[in-house]
>>> print(open('data-v5.pdb').read())   # PDB, C-alpha atoms
ATOM      1  CA  MET A   1     191.251 -18.716 128.172  1.00  0.00           C
ATOM      2  CA  THR A   2     188.260 -17.834 125.972  1.00  0.00           C
ATOM      3  CA  ASN A   3     186.383 -14.663 126.836  1.00  0.00           C
ATOM      4  CA  ILE A   4     182.958 -15.966 127.939  1.00  0.00           C
ATOM      5  CA  HIS A   5     180.872 -12.825 128.302  1.00  0.00           C
ATOM      6  CA  THR A   6     178.878 -11.750 125.276  1.00  0.00           C
ATOM      7  CA  SER A   7     177.754  -8.227 126.155  1.00  0.00           C
ATOM      8  CA  PRO A   8     179.427  -5.181 127.691  1.00  0.00           C
ATOM      9  CA  LEU A   9     179.184  -4.639 131.435  1.00  0.00           C
ATOM     10  CA  LYS A  10     176.591  -1.922 131.958  1.00  0.00           C
ATOM     11  CA  ARG A  11     176.044  -1.580 135.703  1.00  0.00           C
ATOM     12  CA  LEU A  12     177.567   1.127 137.820  1.00  0.00           C
ATOM     13  CA  SER A  13     179.174  -1.576 139.951  1.00  0.00           C
ATOM     14  CA  LEU A  14     181.389  -3.791 137.836  1.00  0.00           C
ATOM     15  CA  ALA A  15     181.918  -6.095 140.804  1.00  0.00           C
ATOM     16  CA  GLU A  16     178.166  -6.768 141.089  1.00  0.00           C
ATOM     17  CA  GLU A  17     177.942  -7.449 137.380  1.00  0.00           C
ATOM     18  CA  VAL A  18     180.862  -9.864 137.491  1.00  0.00           C
ATOM     19  CA  ALA A  19     179.395 -11.570 140.566  1.00  0.00           C
ATOM     20  CA  ASP A  20     176.045 -12.022 138.812  1.00  0.00           C
ATOM     21  CA  ARG A  21     177.714 -13.407 135.671  1.00  0.00           C
ATOM     22  CA  LEU A  22     179.760 -15.851 137.724  1.00  0.00           C
ATOM     23  CA  GLN A  23     176.670 -16.873 139.668  1.00  0.00           C
ATOM     24  CA  GLU A  24     174.895 -17.625 136.391  1.00  0.00           C
ATOM     25  CA  LEU A  25     177.823 -19.806 135.310  1.00  0.00           C
ATOM     26  CA  ILE A  26     177.819 -21.654 138.627  1.00  0.00           C
ATOM     27  CA  ALA A  27     174.042 -22.180 138.509  1.00  0.00           C
ATOM     28  CA  SER A  28     174.295 -23.483 134.938  1.00  0.00           C
ATOM     29  CA  GLY A  29     176.792 -26.144 135.995  1.00  0.00           C
ATOM     30  CA  LYS A  30     179.779 -24.575 134.256  1.00  0.00           C
ATOM     31  CA  TYR A  31     181.534 -24.803 137.622  1.00  0.00           C
ATOM     32  CA  GLN A  32     180.628 -27.716 139.887  1.00  0.00           C
ATOM     33  CA  VAL A  33     180.578 -27.885 143.686  1.00  0.00           C
ATOM     34  CA  GLY A  34     184.143 -28.329 144.898  1.00  0.00           C
ATOM     35  CA  GLN A  35     185.625 -27.022 141.669  1.00  0.00           C
ATOM     36  CA  LYS A  36     188.154 -24.209 141.755  1.00  0.00           C
ATOM     37  CA  LEU A  37     187.277 -21.005 139.936  1.00  0.00           C
ATOM     38  CA  PRO A  38     189.752 -19.517 137.445  1.00  0.00           C
ATOM     39  CA  THR A  39     192.562 -17.427 138.916  1.00  0.00           C
ATOM     40  CA  GLU A  40     192.246 -13.669 139.357  1.00  0.00           C
ATOM     41  CA  PRO A  41     194.263 -12.891 136.182  1.00  0.00           C
ATOM     42  CA  GLU A  42     192.100 -15.311 134.184  1.00  0.00           C
ATOM     43  CA  LEU A  43     188.883 -13.764 135.497  1.00  0.00           C
ATOM     44  CA  MET A  44     190.254 -10.281 134.799  1.00  0.00           C
ATOM     45  CA  THR A  45     190.757 -11.330 131.183  1.00  0.00           C
ATOM     46  CA  GLN A  46     187.340 -13.016 130.911  1.00  0.00           C
ATOM     47  CA  PHE A  47     185.430  -9.977 132.149  1.00  0.00           C
ATOM     48  CA  SER A  48     187.807  -7.218 131.073  1.00  0.00           C
ATOM     49  CA  VAL A  49     187.924  -5.662 134.532  1.00  0.00           C
ATOM     50  CA  GLY A  50     190.588  -4.885 137.109  1.00  0.00           C
ATOM     51  CA  ARG A  51     191.773  -6.962 140.032  1.00  0.00           C
ATOM     52  CA  SER A  52     189.786  -4.971 142.603  1.00  0.00           C
ATOM     53  CA  SER A  53     186.508  -5.692 140.785  1.00  0.00           C
ATOM     54  CA  ILE A  54     187.280  -9.414 140.711  1.00  0.00           C
ATOM     55  CA  ARG A  55     188.148  -9.488 144.405  1.00  0.00           C
ATOM     56  CA  GLU A  56     184.974  -7.607 145.310  1.00  0.00           C
ATOM     57  CA  ALA A  57     182.910  -9.946 143.104  1.00  0.00           C
ATOM     58  CA  VAL A  58     184.356 -12.957 144.916  1.00  0.00           C
ATOM     59  CA  LYS A  59     183.428 -11.357 148.255  1.00  0.00           C
ATOM     60  CA  ILE A  60     179.865 -10.904 147.028  1.00  0.00           C
ATOM     61  CA  LEU A  61     179.664 -14.556 145.974  1.00  0.00           C
ATOM     62  CA  SER A  62     181.111 -15.595 149.317  1.00  0.00           C
ATOM     63  CA  HIS A  63     178.427 -13.614 151.163  1.00  0.00           C
ATOM     64  CA  ARG A  64     175.808 -15.318 149.014  1.00  0.00           C
ATOM     65  CA  GLY A  65     177.119 -18.698 150.132  1.00  0.00           C
ATOM     66  CA  LEU A  66     178.254 -19.721 146.658  1.00  0.00           C
ATOM     67  CA  VAL A  67     182.027 -19.869 147.069  1.00  0.00           C
ATOM     68  CA  ARG A  68     184.708 -20.303 149.704  1.00  0.00           C
ATOM     69  CA  VAL A  69     188.090 -18.586 149.543  1.00  0.00           C
ATOM     70  CA  GLN A  70     191.029 -20.668 150.762  1.00  0.00           C
ATOM     71  CA  GLN A  71     194.128 -18.587 151.237  1.00  0.00           C
ATOM     72  CA  GLY A  72     196.952 -19.813 149.065  1.00  0.00           C
ATOM     73  CA  LEU A  73     194.759 -22.338 147.267  1.00  0.00           C
ATOM     74  CA  GLY A  74     192.086 -20.348 145.467  1.00  0.00           C
ATOM     75  CA  THR A  75     188.319 -19.911 145.356  1.00  0.00           C
ATOM     76  CA  PHE A  76     186.109 -23.003 145.383  1.00  0.00           C
ATOM     77  CA  VAL A  77     182.424 -23.481 144.597  1.00  0.00           C
ATOM     78  CA  LEU A  78     180.360 -24.280 147.708  1.00  0.00           C
ATOM     79  CA  SER A  79     176.868 -24.414 146.239  1.00  0.00           C
ATOM     80  CA  LEU A  80     175.117 -24.105 142.889  1.00  0.00           C
ATOM     81  CA  SER A  81     172.370 -21.930 144.346  1.00  0.00           C
ATOM     82  CA  GLY A  82     173.854 -20.423 147.509  1.00  0.00           C
ATOM     83  CA  THR A  83     171.889 -18.944 150.381  1.00  0.00           C
ATOM     84  CA  GLY A  84     170.746 -15.824 148.580  1.00  0.00           C
ATOM     85  CA  GLU A  85     171.297 -12.347 149.992  1.00  0.00           C
ATOM     86  CA  PRO A  86     172.671 -11.900 153.517  1.00  0.00           C
ATOM     87  CA  LEU A  87     170.068 -11.922 156.301  1.00  0.00           C
ATOM     88  CA  SER A  88     170.773  -8.333 157.310  1.00  0.00           C
ATOM     89  CA  GLN A  89     170.237  -7.163 153.735  1.00  0.00           C
ATOM     90  CA  ARG A  90     167.040  -9.227 153.395  1.00  0.00           C
ATOM     91  CA  LEU A  91     165.617  -7.701 156.560  1.00  0.00           C
ATOM     92  CA  GLN A  92     166.059  -4.202 155.156  1.00  0.00           C
ATOM     93  CA  ARG A  93     163.206  -4.841 152.729  1.00  0.00           C
ATOM     94  CA  ALA A  94     161.115  -7.043 155.027  1.00  0.00           C
ATOM     95  CA  ASP A  95     157.481  -6.282 155.760  1.00  0.00           C
ATOM     96  CA  PHE A  96     156.881  -4.789 159.228  1.00  0.00           C
ATOM     97  CA  ASP A  97     154.426  -7.518 160.253  1.00  0.00           C
ATOM     98  CA  ASP A  98     156.885 -10.214 159.183  1.00  0.00           C
ATOM     99  CA  LEU A  99     159.625  -8.607 161.260  1.00  0.00           C
ATOM    100  CA  VAL A 100     157.334  -8.425 164.288  1.00  0.00           C
ATOM    101  CA  GLU A 101     156.357 -12.067 163.896  1.00  0.00           C
ATOM    102  CA  VAL A 102     159.973 -13.239 163.709  1.00  0.00           C
ATOM    103  CA  ARG A 103     160.955 -11.029 166.611  1.00  0.00           C
ATOM    104  CA  PHE A 104     158.284 -12.417 168.887  1.00  0.00           C
ATOM    105  CA  LEU A 105     158.958 -16.006 167.904  1.00  0.00           C
ATOM    106  CA  LEU A 106     162.502 -15.412 169.095  1.00  0.00           C
ATOM    107  CA  GLU A 107     161.399 -13.517 172.211  1.00  0.00           C
ATOM    108  CA  VAL A 108     159.167 -16.362 173.370  1.00  0.00           C
ATOM    109  CA  LYS A 109     161.942 -18.909 173.060  1.00  0.00           C
ATOM    110  CA  ILE A 110     164.684 -16.770 174.573  1.00  0.00           C
ATOM    111  CA  ALA A 111     162.435 -16.007 177.562  1.00  0.00           C
ATOM    112  CA  GLU A 112     162.007 -19.709 178.196  1.00  0.00           C
ATOM    113  CA  LYS A 113     165.746 -20.298 177.872  1.00  0.00           C
ATOM    114  CA  ALA A 114     166.575 -17.355 180.136  1.00  0.00           C
ATOM    115  CA  ALA A 115     164.376 -18.740 182.923  1.00  0.00           C
ATOM    116  CA  MET A 116     166.399 -21.934 182.753  1.00  0.00           C
ATOM    117  CA  HIS A 117     169.914 -20.509 182.506  1.00  0.00           C
ATOM    118  CA  ARG A 118     169.999 -16.980 183.930  1.00  0.00           C
ATOM    119  CA  ASN A 119     172.471 -16.017 186.641  1.00  0.00           C
ATOM    120  CA  ASN A 120     172.481 -13.151 189.151  1.00  0.00           C
ATOM    121  CA  LYS A 121     174.426 -10.868 186.834  1.00  0.00           C
ATOM    122  CA  ASP A 122     171.847 -11.449 184.099  1.00  0.00           C
ATOM    123  CA  VAL A 123     169.029 -10.578 186.507  1.00  0.00           C
ATOM    124  CA  GLU A 124     170.645  -7.297 187.514  1.00  0.00           C
ATOM    125  CA  LYS A 125     171.098  -6.278 183.898  1.00  0.00           C
ATOM    126  CA  MET A 126     167.485  -7.124 183.012  1.00  0.00           C
ATOM    127  CA  LYS A 127     166.195  -5.155 186.001  1.00  0.00           C
ATOM    128  CA  SER A 128     168.317  -2.150 185.062  1.00  0.00           C
ATOM    129  CA  VAL A 129     167.202  -1.914 181.439  1.00  0.00           C
ATOM    130  CA  LEU A 130     163.556  -2.626 182.277  1.00  0.00           C
ATOM    131  CA  LYS A 131     163.622   0.241 184.767  1.00  0.00           C
ATOM    132  CA  LYS A 132     164.970   2.516 182.029  1.00  0.00           C
ATOM    133  CA  ARG A 133     162.234   1.311 179.685  1.00  0.00           C
ATOM    134  CA  PHE A 134     159.601   2.443 182.191  1.00  0.00           C
ATOM    135  CA  GLU A 135     161.309   5.767 182.870  1.00  0.00           C
ATOM    136  CA  TYR A 136     161.587   6.616 179.171  1.00  0.00           C
ATOM    137  CA  ALA A 137     158.019   5.483 178.512  1.00  0.00           C
ATOM    138  CA  SER A 138     156.702   7.615 181.386  1.00  0.00           C
ATOM    139  CA  ALA A 139     158.588  10.624 180.027  1.00  0.00           C
ATOM    140  CA  ASN A 140     157.306   9.944 176.485  1.00  0.00           C
ATOM    141  CA  GLN A 141     160.859   9.704 175.145  1.00  0.00           C
ATOM    142  CA  LEU A 142     160.143   7.436 172.217  1.00  0.00           C
ATOM    143  CA  GLU A 143     163.526   6.519 170.753  1.00  0.00           C
ATOM    144  CA  PRO A 144     165.234   5.851 174.118  1.00  0.00           C
ATOM    145  CA  CYS A 145     162.163   3.840 175.166  1.00  0.00           C
ATOM    146  CA  ILE A 146     162.308   1.689 172.030  1.00  0.00           C
ATOM    147  CA  GLN A 147     166.018   1.113 172.537  1.00  0.00           C
ATOM    148  CA  ALA A 148     165.477   0.207 176.193  1.00  0.00           C
ATOM    149  CA  ASP A 149     162.781  -2.267 175.172  1.00  0.00           C
ATOM    150  CA  ILE A 150     165.191  -3.866 172.702  1.00  0.00           C
ATOM    151  CA  ASN A 151     167.954  -3.861 175.327  1.00  0.00           C
ATOM    152  CA  PHE A 152     165.673  -5.649 177.780  1.00  0.00           C
ATOM    153  CA  HIS A 153     164.953  -8.468 175.364  1.00  0.00           C
ATOM    154  CA  MET A 154     168.627  -8.555 174.365  1.00  0.00           C
ATOM    155  CA  ALA A 155     169.501  -9.026 178.035  1.00  0.00           C
ATOM    156  CA  ILE A 156     167.018 -11.906 178.133  1.00  0.00           C
ATOM    157  CA  ALA A 157     168.620 -13.394 175.021  1.00  0.00           C
ATOM    158  CA  GLU A 158     172.045 -13.166 176.657  1.00  0.00           C
ATOM    159  CA  ALA A 159     170.691 -14.831 179.789  1.00  0.00           C
ATOM    160  CA  GLY A 160     169.466 -17.739 177.657  1.00  0.00           C
ATOM    161  CA  LYS A 161     173.090 -18.637 176.801  1.00  0.00           C
ATOM    162  CA  ASN A 162     172.289 -19.445 173.173  1.00  0.00           C
ATOM    163  CA  GLU A 163     174.600 -17.296 171.069  1.00  0.00           C
ATOM    164  CA  ILE A 164     172.845 -18.017 167.775  1.00  0.00           C
ATOM    165  CA  MET A 165     169.426 -16.942 169.072  1.00  0.00           C
ATOM    166  CA  ARG A 166     171.028 -13.889 170.682  1.00  0.00           C
ATOM    167  CA  ASP A 167     172.670 -12.839 167.424  1.00  0.00           C
ATOM    168  CA  LEU A 168     169.518 -13.484 165.393  1.00  0.00           C
ATOM    169  CA  TYR A 169     167.460 -11.422 167.798  1.00  0.00           C
ATOM    170  CA  LYS A 170     169.952  -8.568 167.657  1.00  0.00           C
ATOM    171  CA  ILE A 171     169.843  -8.441 163.852  1.00  0.00           C
ATOM    172  CA  VAL A 172     166.041  -8.543 163.706  1.00  0.00           C
ATOM    173  CA  ALA A 173     165.632  -5.984 166.488  1.00  0.00           C
ATOM    174  CA  GLU A 174     167.982  -3.490 164.851  1.00  0.00           C
ATOM    175  CA  HIS A 175     165.834  -3.449 161.728  1.00  0.00           C
ATOM    176  CA  LEU A 176     162.598  -3.410 163.682  1.00  0.00           C
ATOM    177  CA  LYS A 177     163.717  -0.334 165.618  1.00  0.00           C
ATOM    178  CA  LYS A 178     163.706   1.706 162.410  1.00  0.00           C
ATOM    179  CA  SER A 179     160.136   0.604 161.709  1.00  0.00           C
ATOM    180  CA  PHE A 180     159.032   1.408 165.262  1.00  0.00           C
ATOM    181  CA  LEU A 181     160.396   4.943 164.984  1.00  0.00           C
ATOM    182  CA  LEU A 182     158.326   5.482 161.850  1.00  0.00           C
ATOM    183  CA  ARG A 183     155.227   3.730 163.195  1.00  0.00           C
ATOM    184  CA  TYR A 184     154.842   5.144 166.723  1.00  0.00           C
ATOM    185  CA  GLN A 185     154.142   8.731 167.684  1.00  0.00           C
ATOM    186  CA  ASN A 186     154.345   8.266 171.461  1.00  0.00           C
ATOM    187  CA  THR A 187     155.121   5.696 174.149  1.00  0.00           C
ATOM    188  CA  ASP A 188     151.529   4.805 175.099  1.00  0.00           C
ATOM    189  CA  SER A 189     151.783   1.180 173.967  1.00  0.00           C
ATOM    190  CA  PHE A 190     155.028   0.756 175.930  1.00  0.00           C
ATOM    191  CA  ILE A 191     153.374   2.031 179.094  1.00  0.00           C
ATOM    192  CA  HIS A 192     150.430  -0.315 178.497  1.00  0.00           C
ATOM    193  CA  THR A 193     152.703  -3.371 178.270  1.00  0.00           C
ATOM    194  CA  GLN A 194     155.056  -2.502 181.131  1.00  0.00           C
ATOM    195  CA  HIS A 195     153.309  -4.804 183.629  1.00  0.00           C
ATOM    196  CA  TYR A 196     153.621  -7.712 181.198  1.00  0.00           C
ATOM    197  CA  HIS A 197     157.354  -7.108 181.044  1.00  0.00           C
ATOM    198  CA  ASP A 198     157.532  -6.886 184.826  1.00  0.00           C
ATOM    199  CA  ALA A 199     155.793 -10.245 185.083  1.00  0.00           C
ATOM    200  CA  LEU A 200     158.093 -11.741 182.455  1.00  0.00           C
ATOM    201  CA  LEU A 201     161.135 -10.597 184.385  1.00  0.00           C
ATOM    202  CA  GLN A 202     159.754 -12.043 187.626  1.00  0.00           C
ATOM    203  CA  SER A 203     159.176 -15.429 185.995  1.00  0.00           C
ATOM    204  CA  ILE A 204     162.793 -15.420 184.804  1.00  0.00           C
ATOM    205  CA  VAL A 205     163.997 -14.423 188.287  1.00  0.00           C
ATOM    206  CA  ASP A 206     161.920 -17.307 189.680  1.00  0.00           C
ATOM    207  CA  LYS A 207     163.450 -19.672 187.122  1.00  0.00           C
ATOM    208  CA  ASP A 208     159.992 -20.657 185.905  1.00  0.00           C
ATOM    209  CA  PRO A 209     160.252 -21.363 182.145  1.00  0.00           C
ATOM    210  CA  LYS A 210     156.543 -22.193 181.808  1.00  0.00           C
ATOM    211  CA  LYS A 211     155.470 -18.827 183.190  1.00  0.00           C
ATOM    212  CA  ALA A 212     158.170 -17.082 181.160  1.00  0.00           C
ATOM    213  CA  LEU A 213     156.700 -18.670 178.046  1.00  0.00           C
ATOM    214  CA  VAL A 214     153.207 -17.521 179.031  1.00  0.00           C
ATOM    215  CA  TRP A 215     154.201 -13.915 179.685  1.00  0.00           C
ATOM    216  CA  ALA A 216     156.374 -13.655 176.580  1.00  0.00           C
ATOM    217  CA  THR A 217     153.422 -14.936 174.566  1.00  0.00           C
ATOM    218  CA  LYS A 218     151.109 -12.362 176.164  1.00  0.00           C
ATOM    219  CA  ILE A 219     153.549  -9.633 175.154  1.00  0.00           C
ATOM    220  CA  SER A 220     153.601 -10.946 171.594  1.00  0.00           C
ATOM    221  CA  ASP A 221     149.791 -10.914 171.495  1.00  0.00           C
ATOM    222  CA  GLN A 222     149.570  -7.205 172.295  1.00  0.00           C
ATOM    223  CA  PRO A 223     148.464  -5.010 169.366  1.00  0.00           C
ATOM    224  CA  LYS A 224     151.281  -3.180 167.670  1.00  0.00           C
TER     225      LYS A 224
END
>>> encode(input="data-v5.pdb", output="structure tokens")
Amino acid sequence: MTNIHTSPLKRLSLAEEVADRLQELIASGKYQVGQKLPTEPELMTQFSVGRSSIREAVKILSHRGLVRVQQGLGTFVLSLSGTGEPLSQRLQRADFDDLVEVRFLLEVKIAEKAAMHRNNKDVEKMKSVLKKRFEYASANQLEPCIQADINFHMAIAEAGKNEIMRDLYKIVAEHLKKSFLLRYQNTDSFIHTQHYHDALLQSIVDKDPKKALVWATKISDQPK
């Protein structure tokens, strides 16, 4: 097969370079949706790299939503444009205010869902982590307090019985925690919002989704 690259590979990561070159070819229409990519040996010849670089490049394209690997059959084009970088990677460079906005959009919805679907085990877990949130806030232990706050809302997400929202919240919260640790010097704002969280928990215990929505919204409206 004809060697299709026209310039030497210059990046430190050959796999990233190969992935980008292949993505360009897919975007240009060289390979159509549903079409099988060349075999590993053929790609090794095209890009003058080893097998490990080709395999890693295919993994990168798979994470971008461009290709699908079918064991024993080969690698097939899924999309000409893909889904871009993985969500977790995108969140690493997200603006703090954007992260907060997404987090609270999720928190409002998961609170409503939790009030509809929670069980007794969920309630006990929420009570436990909310108590820890207050204890850490009162003791001005910032990092444990932030983690307890995240754990409380994670417990709410779990009580909502929507696995996708739970997983999305977990990813967003993990990145937001890093920003909180840089942004806050003490736990004052956590103490200030404790009664809102208490009220949110009570609305979930009472299985009142309307009140849960109200209190979750009040929490999201607090200055950060």
>>> residues_around(input="data-v5.pdb", residues="stretch 176-193 of chain A", least_positions_apart="5", cutoff="8 Å", atoms="all atoms listed in the file", output="list in words")
Phe96, Leu99, Val100, Phe134, Ala137, Ser138, Asn140, Gln141, Leu142, Glu143, Cys145, Ile146, Gln147, Ile219, Gln222 and Lys224 of chain A
>>> resolve_selection(input="data-v5.pdb", expression="the PyMOL selection byres ((chain A and resi 40) around 10)", output="MDAnalysis selection string")
chainID A and resid 37:39 41:46 50:55 58 74:75
>>> residues_around(input="data-v5.pdb", residues="A:Met165", least_positions_apart="6", cutoff="8 Å", atoms="only C-alpha atoms", output="number ranges by chain")
A: 106, 110, 157
>>> closest_residue(input="data-v5.pdb", among="A:Ala173, A:Leu22, A:Ala139, A:Met126", to="A:Leu80", atoms="all atoms listed in the file")
A:Leu22
>>> atom_distance(input="data-v5.pdb", atom1="atom CA of A:Ala19", atom2="atom CA of A:Leu61")
6.2 Å
>>> residues_near_point(input="data-v5.pdb", point="(170.6, -12.3, 180.0)", cutoff="7 Å", atoms="only C-alpha atoms", output="list in words")
Ala114, Arg118, Asp122, Val123, Met126, Ala155, Ile156, Ala157, Glu158, Ala159 and Gly160 of chain A
>>> decode(input="data-v5.pdb", residues="stretch 193-212 of chain A", atoms="N, CA, C and O atoms", output="short mmCIF file (atom, residue, chain, number, x, y, z; two decimals), in the first residue's frame")
data_model
loop_
_atom_site.label_atom_id
_atom_site.label_comp_id
_atom_site.auth_asym_id
_atom_site.auth_seq_id
_atom_site.Cartn_x
_atom_site.Cartn_y
_atom_site.Cartn_z
N THR A 193 -24.37 27.34 54.45
CA THR A 193 -25.38 26.62 53.65
C THR A 193 -25.82 25.31 54.29
O THR A 193 -26.60 24.57 53.68
N GLN A 194 -25.38 25.03 55.51
CA GLN A 194 -25.74 23.76 56.13
C GLN A 194 -27.26 23.61 56.29
O GLN A 194 -27.82 22.54 56.03
N HIS A 195 -27.94 24.68 56.70
CA HIS A 195 -29.39 24.56 56.93
C HIS A 195 -30.15 24.33 55.64
O HIS A 195 -31.21 23.69 55.64
N TYR A 196 -29.61 24.81 54.52
CA TYR A 196 -30.24 24.52 53.23
C TYR A 196 -30.14 23.03 52.92
O TYR A 196 -31.09 22.42 52.41
N HIS A 197 -28.98 22.47 53.23
CA HIS A 197 -28.79 21.03 52.99
C HIS A 197 -29.66 20.19 53.92
O HIS A 197 -30.18 19.15 53.51
N ASP A 198 -29.81 20.66 55.16
CA ASP A 198 -30.70 19.96 56.08
C ASP A 198 -32.14 19.94 55.54
O ASP A 198 -32.83 18.91 55.60
N ALA A 199 -32.56 21.08 55.02
CA ALA A 199 -33.92 21.19 54.48
C ALA A 199 -34.08 20.33 53.23
O ALA A 199 -35.13 19.71 53.01
N LEU A 200 -33.03 20.29 52.42
CA LEU A 200 -33.07 19.44 51.22
C LEU A 200 -33.22 17.98 51.62
O LEU A 200 -34.05 17.25 51.05
N LEU A 201 -32.43 17.55 52.58
CA LEU A 201 -32.53 16.17 53.04
C LEU A 201 -33.93 15.87 53.57
O LEU A 201 -34.50 14.81 53.25
N GLN A 202 -34.50 16.78 54.34
CA GLN A 202 -35.83 16.54 54.90
C GLN A 202 -36.88 16.40 53.80
O GLN A 202 -37.78 15.57 53.89
N SER A 203 -36.76 17.20 52.75
CA SER A 203 -37.72 17.11 51.65
C SER A 203 -37.61 15.76 50.93
O SER A 203 -38.61 15.21 50.46
N ILE A 204 -36.37 15.23 50.86
CA ILE A 204 -36.18 13.92 50.25
C ILE A 204 -36.74 12.83 51.16
O ILE A 204 -37.39 11.89 50.70
N VAL A 205 -36.51 12.96 52.47
CA VAL A 205 -37.07 12.02 53.44
C VAL A 205 -38.60 12.01 53.35
O VAL A 205 -39.24 10.95 53.40
N ASP A 206 -39.18 13.21 53.16
CA ASP A 206 -40.63 13.35 53.07
C ASP A 206 -41.19 12.94 51.70
O ASP A 206 -42.40 12.99 51.49
N LYS A 207 -40.31 12.58 50.80
CA LYS A 207 -40.69 12.23 49.43
C LYS A 207 -41.51 13.34 48.77
O LYS A 207 -42.56 13.11 48.17
N ASP A 208 -40.96 14.55 48.88
CA ASP A 208 -41.60 15.74 48.32
C ASP A 208 -40.71 16.31 47.23
O ASP A 208 -39.85 17.17 47.51
N PRO A 209 -40.86 15.87 45.97
CA PRO A 209 -39.98 16.33 44.90
C PRO A 209 -40.05 17.83 44.64
O PRO A 209 -39.04 18.44 44.26
N LYS A 210 -41.21 18.44 44.85
CA LYS A 210 -41.33 19.88 44.61
C LYS A 210 -40.47 20.68 45.59
O LYS A 210 -39.76 21.61 45.22
N LYS A 211 -40.53 20.29 46.87
CA LYS A 211 -39.70 20.97 47.87
C LYS A 211 -38.22 20.66 47.65
O LYS A 211 -37.36 21.52 47.86
N ALA A 212 -37.92 19.43 47.25
CA ALA A 212 -36.54 19.07 46.97
C ALA A 212 -35.97 19.95 45.86
O ALA A 212 -34.83 20.42 45.94
#
